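J.: Got a structure here, written out as structure tokens. Questions coming.
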Amino acid sequence: FERTVRPLATPETPGAFYCGMRLVATDGTLLDVPDTPANDAAFKRPSGKRGDGAFPQVRKLSLVEVGTHIEFALSTGSYRTSERALFPQLLPHLQSDMLLLCDRGFFSYELWKSVVSRGTHLLVRLQKGMILKKIEQLSDGSYLAKIYPNARAREKDRQGIVVRVIKYTLNDPQRVGHQEEHTLLTDLLDASKYPALELIPGYHWRWEHELGYAQQKTYQDPPRASKPTHLRSETPMGVLQEIYALSLPPFVIRSLMF
């Protein structure tokens with residue numbers, strides 16, 4: 001997989017670049033695996049008030065090239081492993097010419113620091129309630145603020161990283177989050193070069209990632225009675241092997257389409 005799969009888009013590929021930066025997105029998914037003692041011990045299963053889930057589940061986190069839907073890097077963990085905890089395994093695959101689009105569950109000070117230190121740029125949606133004190137108002141309505149590793153560092157103004165804050169409200173009643181205020185964070189600080197009215201719709205390109213998962217989980221592997229789980233392997237090593245194997249056909253298909 002690592003010898004074969006790679007981003008393919010060129011600057012001429014529609015929807016693949018923004019201001020010279022290759023658009024990539026990260027997101028995760030869960031895959032059901034056969035109910036064997038080995039898989040249960042390695043991957044765990046969901047549980048709730050009505051009892052445990054029918055199958056253990058493996059979590060997969062991917063990096064996808066937005067313009068081509070190519071999944072060019074992935075990491076795996078158990079059901080109980082968070083997507084944020086899996087993300088450091090993807091860092092070696094980020095490059096300085098990339099703009100990484102992340103959903104609100106990924107943000108952390110350490111993640112931000114580790115990504116921008118590689119020269120990769122970020123456009124991240126934030127959860128509600130984060131303290132972002134304005135230090136400079138910009139011409140497009142966005143503003144500069146600082147993020148900190150903890151509350152004490154914020155009080156003392158230590159280890160702060162300057163970021164740009166973009167707030168907007170969706171006015172499309174057909175969209176989830178209509179009339180709610182949303183907040184984006186980016187390290188692209190120049191409002192004249194990277195206007196908010198370009199970055200706001202640009203963030204929503206992140207949903208192209210879901211089309212890659214749809215190809216793998218729906219079109220490549222449609223549900224059927226004879227195959228109740230996404231994967232067939234009864235051992236953890238077999239599960240990992242199968243995940244990488246099933247990630248190769250979409251690359252072949254996308255390469256042919258490209």
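Every chain in the structure tokens takes a letter, A first, then B, and so on in the order presented; its residues are numbered from 1, and the ligands are numbered from 1 following the presented order.
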Write out as a list in words which residues come within 12 Å of A:Lys193 when counting only C-alpha atoms, dropping same-chain ones fewer than 5 positions away.
T.: Tyr18, Cys19, Gly20, Leu138, Ser139, Asp140, Leu188, Glu198 and Leu199 of chain A
J.: Using only C-alpha atoms, determine which residues lie at most 8 Å from stretch 21-32 of chain A, disregarding the query and same-chain residues fewer than 6 positions distant; provide the list as a list in words.
T.: Phe55, Pro56, Gln57, Val58, Arg59, Lys60, Leu61, Ser62, Leu63, Val64, Glu65, Val66, Gly67, Tyr79, Glu83, Asp97, Met98, Leu99, Leu100, Leu101, Cys102, Asp103, Arg206, His209, Tyr213, Thr229, His230 and Leu231 of chain A
J.: Can you tell me which residues surround A:Arg158 at a distance of at most 10 Å, considering only C-alpha atoms, apart from same-chain residues fewer than 4 positions away, and format the answer as a ChimeraX atom specification?
T.: /A:146-150,152-154
J.: Can you write just those residues out, all heavy atoms, as a compact mmCIF listing (two decimals), in the first residue's frame?
T.:
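Listed below is the output, selection_8.txt:
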```
# COMPACT_ATOMS: atom_id res chain seq x y z
N LYS A 146 -4.96 33.95 19.78
CA LYS A 146 -3.92 32.98 20.15
C LYS A 146 -4.55 31.74 20.75
O LYS A 146 -5.58 31.82 21.44
CB LYS A 146 -2.93 33.58 21.15
CG LYS A 146 -2.00 34.64 20.60
CD LYS A 146 -1.01 35.11 21.67
CE LYS A 146 -0.08 36.19 21.14
NZ LYS A 146 0.88 36.63 22.18
N ILE A 147 -3.95 30.60 20.49
CA ILE A 147 -4.32 29.37 21.17
C ILE A 147 -3.20 29.00 22.14
O ILE A 147 -2.03 29.32 21.90
CB ILE A 147 -4.60 28.22 20.17
CG1 ILE A 147 -3.37 27.97 19.27
CG2 ILE A 147 -5.83 28.52 19.34
CD1 ILE A 147 -3.51 26.73 18.38
N TYR A 148 -3.57 28.32 23.22
CA TYR A 148 -2.63 28.00 24.29
C TYR A 148 -2.76 26.53 24.68
O TYR A 148 -3.83 25.92 24.48
CB TYR A 148 -2.90 28.88 25.52
CG TYR A 148 -2.73 30.36 25.27
CD1 TYR A 148 -3.81 31.14 24.85
CD2 TYR A 148 -1.51 30.99 25.47
CE1 TYR A 148 -3.68 32.50 24.63
CE2 TYR A 148 -1.36 32.36 25.25
CZ TYR A 148 -2.44 33.11 24.83
OH TYR A 148 -2.29 34.44 24.62
N PRO A 149 -1.72 25.97 25.30
CA PRO A 149 -1.79 24.57 25.71
C PRO A 149 -2.72 24.32 26.88
O PRO A 149 -3.24 23.21 27.04
CB PRO A 149 -0.34 24.22 26.07
CG PRO A 149 0.30 25.53 26.38
CD PRO A 149 -0.37 26.53 25.50
N ASN A 150 -2.98 25.34 27.72
CA ASN A 150 -3.84 25.18 28.88
C ASN A 150 -4.28 26.55 29.38
O ASN A 150 -3.82 27.60 28.89
CB ASN A 150 -3.14 24.39 30.00
CG ASN A 150 -1.77 24.97 30.33
OD1 ASN A 150 -1.64 26.14 30.68
ND2 ASN A 150 -0.74 24.13 30.18
N ARG A 152 -3.75 28.05 32.27
CA ARG A 152 -2.71 28.82 32.97
C ARG A 152 -1.81 29.54 31.95
O ARG A 152 -1.44 30.70 32.15
CB ARG A 152 -1.88 27.92 33.87
CG ARG A 152 -0.81 28.66 34.64
CD ARG A 152 -0.18 27.80 35.73
NE ARG A 152 0.87 28.52 36.44
CZ ARG A 152 0.65 29.40 37.40
NH1 ARG A 152 -0.61 29.67 37.78
NH2 ARG A 152 1.66 30.00 38.02
N ALA A 153 -1.47 28.85 30.87
CA ALA A 153 -0.65 29.48 29.83
C ALA A 153 -1.39 30.66 29.21
O ALA A 153 -0.78 31.68 28.87
CB ALA A 153 -0.28 28.45 28.77
N ARG A 154 -2.73 30.54 29.09
CA ARG A 154 -3.51 31.65 28.56
C ARG A 154 -3.48 32.84 29.51
O ARG A 154 -3.34 34.00 29.09
CB ARG A 154 -4.96 31.21 28.32
CG ARG A 154 -5.81 32.30 27.66
CD ARG A 154 -7.29 31.91 27.55
NE ARG A 154 -7.46 30.65 26.89
CZ ARG A 154 -7.86 29.52 27.46
NH1 ARG A 154 -8.14 29.53 28.77
NH2 ARG A 154 -8.00 28.41 26.79
```
J.: I need the strand (DSSP E or B) residues of stretch 22-86 of chain A per DSSP on the backbone, written as number ranges by chain.
T.: A: 22-32, 47-48, 51-52, 57-65, 70-78
J.: Could you give me, as a PyMOL selection string, the residues within 6 Å of A:Leu144, counting only C-alpha atoms and dropping anything in the same chain fewer than 4 positions from it?
T.: chain A and resi 134-136+163-164
J.: In Å to one decimal, how far is atom CA of A:Gly105 from atom CA of A:Ser78?
T.: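 According to the coordinates, atom CA of A:Ser78 and atom CA of A:Gly105 are separated by 17.5 Å.
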J.: Measuring atom to atom with only C-alpha atoms, identify which of A:Arg232, A:His93, A:Lys167, A:Lys44 is nearest to A:Leu185.
T.: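 Of A:Arg232, A:His93, A:Lys167, A:Lys44, the one nearest A:Leu185 is A:Lys167, counting only C-alpha atoms.
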J.: What separation in Å, quoted to one decimal, exists between atom CA of A:Tyr168 and atom CA of A:Ile200?
T.: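 Result for atom CA of A:Tyr168 versus atom CA of A:Ile200: 7.7 Å, one decimal.
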J.: Please measure the separation of atom CA of A:Ile253 and atom CA of A:Gln95, giving the value in Å to one decimal.
T.: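 Atom-to-atom, atom CA of A:Ile253 and atom CA of A:Gln95 are spaced 24.2 Å apart.
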